[in-house]
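Student: CSV, C-alpha atoms and all ligand atoms, saved as start_38.csv, coming up:
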chain,number,residue,atom,x,y,z
A,229,MET,CA,-30.6,20.6,-5.2
A,230,SER,CA,-27.0,20.3,-4.0
A,231,GLU,CA,-24.3,20.8,-6.5
A,232,TRP,CA,-22.2,17.8,-7.5
A,233,VAL,CA,-18.4,17.7,-7.1
A,234,THR,CA,-16.5,14.8,-8.7
A,235,ILE,CA,-13.8,13.1,-6.7
A,236,ASN,CA,-11.2,11.4,-8.9
A,237,GLU,CA,-9.5,8.8,-6.7
A,238,VAL,CA,-5.8,8.5,-7.7
A,239,GLY,CA,-4.7,6.0,-5.0
A,240,PRO,CA,-4.4,2.9,-7.3
A,241,ARG,CA,-2.0,4.8,-9.6
A,242,ASP,CA,-0.4,7.9,-8.1
A,243,GLY,CA,-0.7,6.6,-4.6
A,244,LEU,CA,0.7,3.1,-5.1
A,245,GLN,CA,3.4,4.2,-7.5
A,246,SER,CA,5.3,6.1,-4.8
A,247,LEU,CA,5.2,3.3,-2.3
A,248,GLY,CA,8.1,0.9,-1.9
A,249,LYS,CA,5.8,-2.1,-1.5
A,250,VAL,CA,4.6,-3.6,-4.8
A,251,LEU,CA,1.0,-4.9,-4.7
A,252,THR,CA,-0.1,-7.8,-6.9
A,253,VAL,CA,-2.8,-7.3,-9.6
A,254,GLU,CA,-5.3,-9.1,-7.3
A,255,GLN,CA,-4.5,-6.7,-4.4
A,256,ARG,CA,-4.8,-3.7,-6.6
A,257,LEU,CA,-8.2,-5.0,-7.8
A,258,GLN,CA,-9.2,-5.5,-4.2
A,259,LEU,CA,-8.3,-1.8,-3.5
A,260,ILE,CA,-10.3,-0.6,-6.5
A,261,GLN,CA,-13.3,-2.7,-5.5
A,262,GLY,CA,-13.2,-1.1,-2.1
A,263,LEU,CA,-13.1,2.3,-3.7
A,264,VAL,CA,-16.0,1.5,-6.0
A,265,ASP,CA,-18.0,0.2,-3.0
A,266,CYS,CA,-17.6,3.6,-1.3
A,267,GLY,CA,-19.4,5.2,-4.2
A,268,ILE,CA,-16.3,6.7,-5.9
A,269,ALA,CA,-17.2,7.1,-9.5
A,270,ALA,CA,-13.8,8.3,-11.0
A,271,ILE,CA,-10.7,6.2,-10.5
A,272,GLU,CA,-7.2,6.5,-11.9
A,273,SER,CA,-6.6,2.8,-12.0
A,274,THR,CA,-3.1,2.2,-13.4
A,275,SER,CA,-0.6,3.3,-15.9
A,276,PHE,CA,0.6,1.6,-19.1
A,277,VAL,CA,4.3,2.0,-18.5
A,278,SER,CA,7.3,-0.4,-18.6
A,279,ALA,CA,7.1,-2.8,-15.6
A,280,LYS,CA,10.8,-2.5,-15.4
A,281,ALA,CA,10.6,1.3,-14.8
A,282,VAL,CA,7.6,1.2,-12.6
A,283,PRO,CA,7.1,-2.3,-11.0
A,284,GLN,CA,4.2,-1.1,-8.9
A,285,MET,CA,2.1,-0.8,-12.2
A,286,ALA,CA,3.0,-4.2,-13.7
A,287,GLY,CA,0.2,-6.1,-15.2
A,288,ALA,CA,-1.8,-3.1,-16.4
A,289,THR,CA,-3.6,-5.0,-19.2
A,290,GLU,CA,-4.5,-7.9,-16.8
A,291,LEU,CA,-5.8,-5.4,-14.2
A,292,TYR,CA,-7.7,-3.4,-16.7
A,293,ARG,CA,-9.5,-6.4,-18.1
A,294,GLN,CA,-10.7,-7.3,-14.6
A,295,LEU,CA,-11.8,-3.9,-13.3
A,296,PRO,CA,-15.2,-4.0,-11.5
A,297,ASN,CA,-17.8,-3.5,-14.2
A,298,VAL,CA,-20.0,-0.9,-12.6
A,299,ALA,CA,-22.2,1.5,-14.5
A,300,ASN,CA,-21.1,5.2,-14.2
A,301,VAL,CA,-17.7,4.4,-12.9
A,302,ARG,CA,-15.0,6.1,-15.0
A,303,TYR,CA,-11.6,4.4,-15.0
A,304,ALA,CA,-8.6,6.3,-16.3
A,305,ALA,CA,-5.3,5.0,-17.4
A,306,LEU,CA,-2.1,7.0,-17.4
A,307,VAL,CA,-0.1,6.7,-20.7
A,308,PRO,CA,3.4,8.1,-21.2
A,309,ASN,CA,3.5,7.7,-25.0
A,310,LEU,CA,1.6,6.5,-28.0
A,311,ARG,CA,2.6,2.9,-27.4
A,312,GLY,CA,1.2,3.1,-23.9
A,313,TYR,CA,-1.9,4.7,-25.3
A,314,ASN,CA,-2.4,1.9,-27.8
A,315,ASP,CA,-1.9,-0.7,-25.0
A,316,ALA,CA,-4.4,1.1,-22.8
A,317,VAL,CA,-7.0,1.3,-25.5
A,318,ALA,CA,-6.5,-2.3,-26.5
A,319,ALA,CA,-7.1,-3.3,-22.9
A,320,GLY,CA,-10.4,-1.4,-22.9
A,321,ALA,CA,-9.4,2.1,-21.6
A,322,ARG,CA,-11.9,4.8,-22.5
A,323,THR,CA,-10.2,7.6,-20.5
A,324,VAL,CA,-6.5,8.2,-20.8
A,325,ASN,CA,-4.3,10.7,-19.0
A,326,VAL,CA,-1.1,12.3,-20.1
A,327,VAL,CA,1.3,14.2,-17.8
A,328,LEU,CA,3.0,17.3,-19.0
A,329,SER,CA,5.4,18.9,-16.5
A,330,VAL,CA,5.5,22.5,-17.4
A,331,THR,CA,9.2,23.1,-16.9
A,332,ASP,CA,12.3,21.9,-18.8
A,333,THR,CA,14.2,20.5,-15.8
A,334,MET,CA,11.3,18.5,-14.4
A,335,ASN,CA,10.9,16.8,-17.8
A,336,LEU,CA,14.6,16.1,-18.1
A,337,LYS,CA,14.8,14.7,-14.5
A,338,ASN,CA,11.5,12.9,-14.7
A,339,ILE,CA,11.5,11.3,-18.2
A,340,ASN,CA,14.7,12.5,-19.8
A,341,MET,CA,12.9,14.6,-22.4
A,342,SER,CA,12.7,18.3,-23.1
A,343,LEU,CA,9.6,20.2,-22.3
A,344,GLU,CA,9.0,20.7,-26.1
A,345,GLN,CA,9.3,17.0,-26.8
A,346,THR,CA,6.9,16.1,-23.9
A,347,ALA,CA,4.4,18.7,-25.0
A,348,GLN,CA,4.5,17.2,-28.5
A,349,VAL,CA,4.0,13.6,-27.3
A,350,CYS,CA,1.1,14.7,-25.0
A,351,SER,CA,-0.5,16.7,-27.8
A,352,ASP,CA,-0.2,13.8,-30.3
A,353,ILE,CA,-1.9,11.4,-27.7
A,354,MET,CA,-4.7,13.9,-27.1
A,355,LYS,CA,-5.3,14.3,-30.8
A,356,GLN,CA,-5.3,10.5,-31.3
A,357,ALA,CA,-7.7,10.0,-28.4
A,358,LYS,CA,-10.1,12.6,-29.9
A,359,ALA,CA,-10.0,10.9,-33.2
A,360,ASP,CA,-10.7,7.5,-31.6
A,361,GLY,CA,-13.5,8.8,-29.4
A,362,VAL,CA,-11.5,8.2,-26.3
A,363,ASN,CA,-11.7,10.7,-23.4
A,364,GLY,CA,-8.3,12.4,-23.2
A,365,GLN,CA,-7.2,14.3,-20.1
A,366,ALA,CA,-4.0,16.3,-19.7
A,367,TYR,CA,-2.2,16.9,-16.4
A,368,LEU,CA,-0.1,20.0,-16.1
A,369,ALA,CA,2.4,19.0,-13.4
A,370,VAL,CA,4.4,21.4,-11.3
A,371,ALA,CA,1.9,24.0,-12.2
A,372,PHE,CA,2.7,26.2,-9.2
A,373,GLU,CA,6.3,25.4,-8.4
A,374,CYS,CA,9.0,23.2,-9.8
A,375,PRO,CA,11.3,21.5,-7.3
A,376,PHE,CA,14.2,22.4,-9.7
A,377,GLU,CA,13.2,25.8,-11.2
A,378,GLY,CA,11.1,27.3,-8.5
A,379,ALA,CA,7.9,29.3,-9.0
A,380,VAL,CA,6.2,28.7,-12.4
A,381,SER,CA,4.6,31.6,-14.3
A,382,THR,CA,0.8,31.5,-14.7
A,383,ASP,CA,1.4,32.6,-18.3
A,384,VAL,CA,3.3,29.3,-19.0
A,385,VAL,CA,0.6,27.1,-17.4
A,386,THR,CA,-2.2,28.9,-19.1
A,387,GLU,CA,-0.5,28.6,-22.5
A,388,PHE,CA,-0.1,24.8,-22.0
A,389,ALA,CA,-3.7,24.5,-20.8
A,390,LYS,CA,-4.7,26.1,-24.0
A,391,GLN,CA,-2.4,24.0,-26.1
A,392,MET,CA,-3.7,20.7,-24.6
A,393,TYR,CA,-7.3,21.8,-24.8
A,394,SER,CA,-6.9,22.7,-28.5
A,395,ALA,CA,-5.2,19.3,-29.1
A,396,GLY,CA,-8.4,17.6,-27.8
A,397,ALA,CA,-8.0,17.2,-24.1
A,398,GLN,CA,-11.5,17.0,-22.5
A,399,LYS,CA,-10.1,17.9,-19.1
A,400,ILE,CA,-7.0,19.9,-18.0
A,401,ILE,CA,-5.8,18.9,-14.6
A,402,ILE,CA,-3.8,21.5,-12.7
A,403,ALA,CA,-1.4,19.6,-10.5
A,404,ASP,CA,0.5,21.0,-7.5
A,405,THR,CA,3.0,18.2,-7.7
A,406,ILE,CA,5.1,19.4,-4.7
A,407,GLY,CA,2.3,20.9,-2.6
A,408,ALA,CA,3.5,24.5,-3.0
A,409,ALA,CA,0.2,26.2,-3.9
A,410,ASN,CA,-1.7,28.5,-1.7
A,411,PRO,CA,-5.3,29.7,-2.1
A,412,ALA,CA,-4.3,33.1,-3.5
A,413,ARG,CA,-2.1,31.6,-6.2
A,414,VAL,CA,-4.9,29.1,-7.0
A,415,ILE,CA,-7.3,31.9,-7.6
A,416,THR,CA,-4.8,33.9,-9.7
A,417,LEU,CA,-4.0,30.9,-11.9
A,418,LEU,CA,-7.6,29.7,-12.3
A,419,THR,CA,-8.8,33.2,-13.1
A,420,GLN,CA,-6.3,33.4,-15.9
A,421,ILE,CA,-7.1,29.9,-17.2
A,422,ALA,CA,-10.8,30.7,-17.2
A,423,LYS,CA,-10.1,33.3,-19.9
A,424,VAL,CA,-8.9,30.6,-22.4
A,425,LEU,CA,-11.1,27.6,-21.5
A,426,PRO,CA,-14.2,26.9,-19.4
A,427,LEU,CA,-13.4,25.9,-15.9
A,428,SER,CA,-16.0,23.0,-16.3
A,429,GLN,CA,-13.1,21.4,-18.2
A,430,VAL,CA,-10.6,21.9,-15.5
A,431,ALA,CA,-9.8,19.7,-12.4
A,432,CYS,CA,-7.3,20.3,-9.7
A,433,HIS,CA,-4.8,17.9,-8.1
A,434,PHE,CA,-3.5,19.3,-4.8
A,435,HIS,CA,-0.9,17.9,-2.5
A,436,ASP,CA,-1.1,18.4,1.2
A,437,THR,CA,2.7,18.7,1.8
A,438,ARG,CA,2.3,22.0,3.5
A,439,GLY,CA,-1.2,21.4,4.9
A,440,MET,CA,-2.9,23.7,2.4
A,441,ALA,CA,-4.7,21.2,0.2
A,442,LEU,CA,-8.2,21.8,1.6
A,443,ALA,CA,-7.8,25.6,1.5
A,444,ASN,CA,-6.7,25.2,-2.1
A,445,VAL,CA,-9.8,23.1,-2.8
A,446,TYR,CA,-12.0,25.8,-1.3
A,447,ALA,CA,-10.3,28.5,-3.4
A,448,ALA,CA,-10.8,26.4,-6.6
A,449,LEU,CA,-14.4,25.8,-5.7
A,450,GLN,CA,-15.0,29.5,-5.4
A,451,CYS,CA,-13.5,29.9,-8.9
A,452,GLY,CA,-16.0,27.2,-10.2
A,453,VAL,CA,-13.9,24.1,-10.4
A,454,ARG,CA,-16.0,21.0,-9.6
A,455,GLU,CA,-13.5,18.1,-9.9
A,456,PHE,CA,-10.6,17.2,-7.6
A,457,ASP,CA,-8.0,14.4,-7.5
A,458,THR,CA,-7.5,12.8,-4.1
A,459,ALA,CA,-6.0,9.6,-2.8
A,460,ILE,CA,-7.5,7.4,-0.1
A,461,GLY,CA,-5.7,7.9,3.2
A,462,GLY,CA,-3.5,10.6,1.6
A,463,MET,CA,-1.5,7.8,0.0
A,464,GLY,CA,1.5,8.7,-2.3
A,465,GLY,CA,3.5,11.7,-3.4
A,466,CYS,CA,5.9,11.9,-6.4
A,467,PRO,CA,9.0,9.7,-6.4
A,468,PHE,CA,10.8,12.0,-8.8
A,469,SER,CA,10.1,15.2,-6.9
A,470,PRO,CA,12.5,15.7,-4.0
A,471,GLY,CA,10.4,16.7,-0.9
A,472,ALA,CA,7.1,15.8,-2.5
A,473,SER,CA,4.7,13.9,-0.3
A,474,GLY,CA,1.1,13.5,0.4
A,475,ASN,CA,-1.7,13.6,-2.1
A,476,MET,CA,-4.7,15.2,-0.5
A,477,ALA,CA,-6.6,12.6,1.4
A,478,THR,CA,-9.9,11.6,-0.2
A,479,GLU,CA,-11.6,11.5,3.2
A,480,ASP,CA,-10.6,15.1,4.0
A,481,ALA,CA,-12.0,16.4,0.7
A,482,VAL,CA,-15.2,14.4,0.9
A,483,LEU,CA,-15.9,15.4,4.5
A,484,MET,CA,-15.4,19.1,3.8
A,485,LEU,CA,-17.4,19.0,0.6
A,486,GLU,CA,-20.3,17.1,2.1
A,487,GLN,CA,-20.4,19.3,5.2
A,488,MET,CA,-20.4,22.3,2.8
A,489,GLY,CA,-23.5,20.9,1.1
A,490,TYR,CA,-21.9,19.5,-2.1
A,491,LYS,CA,-22.7,16.0,-3.2
A,492,THR,CA,-19.9,13.6,-3.9
A,493,GLY,CA,-21.9,10.3,-3.9
A,494,ILE,CA,-19.3,8.9,-1.6
A,495,SER,CA,-20.2,7.2,1.7
A,496,LEU,CA,-17.8,8.4,4.5
A,497,HIS,CA,-18.7,5.4,6.6
A,498,GLU,CA,-17.6,3.0,3.8
A,499,LEU,CA,-14.6,5.1,3.0
A,500,THR,CA,-13.4,5.1,6.6
A,501,ALA,CA,-13.7,1.4,6.7
A,502,VAL,CA,-11.8,1.0,3.4
A,503,ILE,CA,-8.9,3.1,4.6
A,504,GLY,CA,-8.2,0.3,7.2
A,505,THR,CA,-8.3,-2.3,4.5
A,506,VAL,CA,-5.8,-0.3,2.4
A,507,GLU,CA,-3.5,0.2,5.4
A,508,GLY,CA,-3.4,-3.6,5.6
A,509,LEU,CA,-2.7,-4.0,1.9
A,510,VAL,CA,0.2,-1.4,1.8
A,511,GLU,CA,1.4,-2.3,5.3
A,512,ARG,CA,1.6,1.3,6.5
A,513,LYS,CA,-0.4,3.8,8.4
A,514,LEU,CA,-2.5,6.1,6.3
A,515,GLY,CA,-5.1,8.8,6.9
A,516,GLY,CA,-5.7,12.4,6.3
A,517,HIS,CA,-6.4,15.1,8.9
A,518,SER,CA,-9.9,13.8,9.6
A,519,TYR,CA,-9.2,10.1,9.8
A,520,ASN,CA,-9.1,9.8,13.6
A,521,TRP,CA,-12.4,11.8,13.9
A,522,LEU,CA,-14.0,9.7,11.1
A,523,LYS,CA,-12.9,6.5,12.9
A,524,ARG,CA,-14.5,7.7,16.1
A,525,GLN,CA,-17.6,8.7,14.2
A,526,TYR,CA,-18.2,5.7,12.1
A,527,LEU,CA,-16.2,2.8,13.5
A,528,GLN,CA,-15.5,3.0,17.2
A,529,ASN,CA,-18.8,4.5,18.2
A,530,ASN,CA,-20.6,1.4,17.0
A,531,GLU,CA,-18.4,-0.8,19.2
A,532,GLN,CA,-18.8,1.5,22.2
A,533,GLY,CA,-22.6,1.5,21.5
A,534,ALA,CA,-22.6,-2.2,21.8
A,535,HIS,CA,-20.8,-2.0,25.2
A,536,CYS,CA,-23.0,0.7,26.6
A,537,GLY,CA,-26.1,-1.2,25.6
B,1,MG,MG,-0.1,13.4,-6.8
Is it possible to express this structure as structure tokens?
Ligand code: MG

Tutor:
Amino acid sequence: MSEWVTINEVGPRDGLQSLGKVLTVEQRLQLIQGLVDCGIAAIESTSFVSAKAVPQMAGATELYRQLPNVANVRYAALVPNLRGYNDAVAAGARTVNVVLSVTDTMNLKNINMSLEQTAQVCSDIMKQAKADGVNGQAYLAVAFECPFEGAVSTDVVTEFAKQMYSAGAQKIIIADTIGAANPARVITLLTQIAKVLPLSQVACHFHDTRGMALANVYAALQCGVREFDTAIGGMGGCPFSPGASGNMATEDAVLMLEQMGYKTGISLHELTAVIGTVEGLVERKLGGHSYNWLKRQYLQNNEQGAHCG
């Protein structure tokens, strides 16, 4: 039997947050419905932040209450603090994500807090989630390189992974926020983390900024990681990280995984069609490395077939 790999789609939150265009709640629900229709079973749907600070995520409660009710689909909500956590849980969230950037400068520039303060807030939320029976997940951002402080030590990342895991996080997500990782560094970091927690509790969030996201996924797979964050069409980056662009495209990851014999439960045909819909919603061209090939494979071939009779 093929082995399962979970694709956690982050387009509706991470992707949309870095776009200039603000979608309505209805449009965001349309995007999420499209993702669900492709068979995507884990979706970061929104964040419970101030609409003033992040207008792209306005109406989180309204959105959460109207999410497609599909068995086995796990929706996650990003929460920046306990207030956001309470709002998310009140809206029905059963999985909440916190983000801990593992350097001081990134925290100061990103949310105007010290690393120590952010770690405390994240730890408190994870503890609360555990007490409430809510699935808590902790992102470790800039886990390979910080745009302000440079290379990040694997000791530091491992220490925070341990800390968040002890606080109750069910999953630790290693995030290469500026796309600076390479396969060798992925293996070094994951090998070290595997000494303090099982890699079944670890996911990876790679960016394709330098074109190495798929290679990094392969390296993480070899280490035993079976969950990856991706964004449909490669949508989004990080608005606070200078030079950051390009979440790994969902279609690239799914294509590689399925061709390698892993199961994702995602229909590439449907996914390819939905990228076109999302391009219309966000009014920009999207698509990972494989998008043109996928279009020829799944969309244009059908039309040509009709002409050729
Ligand atoms: Mg990202």

Student: Go through A:Thr289, A:Asn236, A:Thr478, A:Gln429 one by one, measure the shortest atom-to-atom distance of each to His517 of chain A using only C-alpha atoms, and give the residue with the smallest value.

Tutor: A:Thr478

Student: Determine, counting all atoms listed in the file, which protein, DNA and RNA residues have an atom within 12 Å of an atom of Ala299 of chain A; residues of the same chain fewer than 6 positions away are not included. Present the result as a compact mmCIF listing (two decimals) with C-alpha atoms, in the coordinates of the input.

Tutor:
# COMPACT_ATOMS: atom_id res chain seq x y z
CA VAL A 264 -16.00 1.50 -6.00
CA GLY A 267 -19.40 5.20 -4.20
CA ILE A 268 -16.30 6.70 -5.90
CA ALA A 269 -17.20 7.10 -9.50
CA ALA A 270 -13.80 8.30 -11.00

Student: Using only C-alpha atoms, which of the listed residues (A:Glu344, A:Glu479, A:Asp352, A:Asp404) sits closest to Glu373 of chain A?

Tutor: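 Checking each candidate against Glu373 of chain A, we get A:Asp404 as the closest.
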
Student: Counting all atoms listed in the file, which residue out of A:Met463, A:Leu328, A:Ala389, A:Ala447 sits closest to Met341 of chain A?

Tutor: A:Leu328

Student: Grab the atom CA of Val370 of chain A to atom CA of Ala403 of chain A distance for me, in Å with one decimal place.

Tutor: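 Atom CA of Val370 of chain A sits 6.1 Å away from atom CA of Ala403 of chain A.
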
Student: So how many Å separate atom CA of Val250 of chain A and atom CA of Val238 of chain A, to one decimal?

Tutor: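 Atom CA of Val250 of chain A sits 16.2 Å away from atom CA of Val238 of chain A.
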
Student: Which value, in Å to one decimal, gives the distance between atom CA of Thr323 of chain A and atom CA of Tyr446 of chain A?

Tutor: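 Between atom CA of Thr323 of chain A and atom CA of Tyr446 of chain A the gap works out to 26.5 Å.
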
Student: List all protein, DNA and RNA residues that have at least one atom no more than 10 Å from any atom of ligand MG 1 (chain B), counting all atoms listed in the file, and write them as a VMD selection string.

Tutor: chain A and resid 238 to 239 241 to 243 245 to 246 369 403 to 407 433 to 436 457 to 459 462 to 467 472 to 476

Student: Which is closest to Gln284 of chain A among A:Val298, A:Val253, A:Val307, A:Ala371, if we use all atoms listed in the file?

Tutor: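 Answer, going by the shortest atom-to-atom distance: A:Val253.
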
Student: When you count all atoms listed in the file, which of these residues is closest to Gly396 of chain A: A:Ala357, A:Leu263, A:Met334, A:Leu295?

Tutor: A:Ala357

Student: From the list A:Tyr526, A:Tyr292, A:Trp521, A:Phe372, which residue is nearest Leu496 of chain A when using all atoms listed in the file?

Tutor: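 Smallest separation from Leu496 of chain A among the options: A:Tyr526.
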
Student: Name the residues in contact with Thr382 of chain A at a cut-off of 12 Å, using all atoms listed in the file, excluding same-chain residues fewer than 5 positions from it; report them as a CSV table (one decimal) with C-alpha atoms, in the frame of the given file.

Tutor:
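File out-v8.csv, as written:
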chain,number,residue,atom,x,y,z
A,330,VAL,CA,5.5,22.5,-17.4
A,368,LEU,CA,-0.1,20.0,-16.1
A,370,VAL,CA,4.4,21.4,-11.3
A,371,ALA,CA,1.9,24.0,-12.2
A,372,PHE,CA,2.7,26.2,-9.2
A,373,GLU,CA,6.3,25.4,-8.4
A,387,GLU,CA,-0.5,28.6,-22.5
A,388,PHE,CA,-0.1,24.8,-22.0
A,389,ALA,CA,-3.7,24.5,-20.8
A,402,ILE,CA,-3.8,21.5,-12.7
A,413,ARG,CA,-2.1,31.6,-6.2
A,414,VAL,CA,-4.9,29.1,-7.0
A,415,ILE,CA,-7.3,31.9,-7.6
A,416,THR,CA,-4.8,33.9,-9.7
A,417,LEU,CA,-4.0,30.9,-11.9
A,418,LEU,CA,-7.6,29.7,-12.3
A,419,THR,CA,-8.8,33.2,-13.1
A,420,GLN,CA,-6.3,33.4,-15.9
A,421,ILE,CA,-7.1,29.9,-17.2
A,422,ALA,CA,-10.8,30.7,-17.2

Student: Taking (0.4, 6.7, 5.0) in the file's coordinates, which residues come within 7 Å, counting only C-alpha atoms, written as JSON, numbers by chain?

Tutor: {"A": [461, 462, 463, 512, 513, 514, 515]}
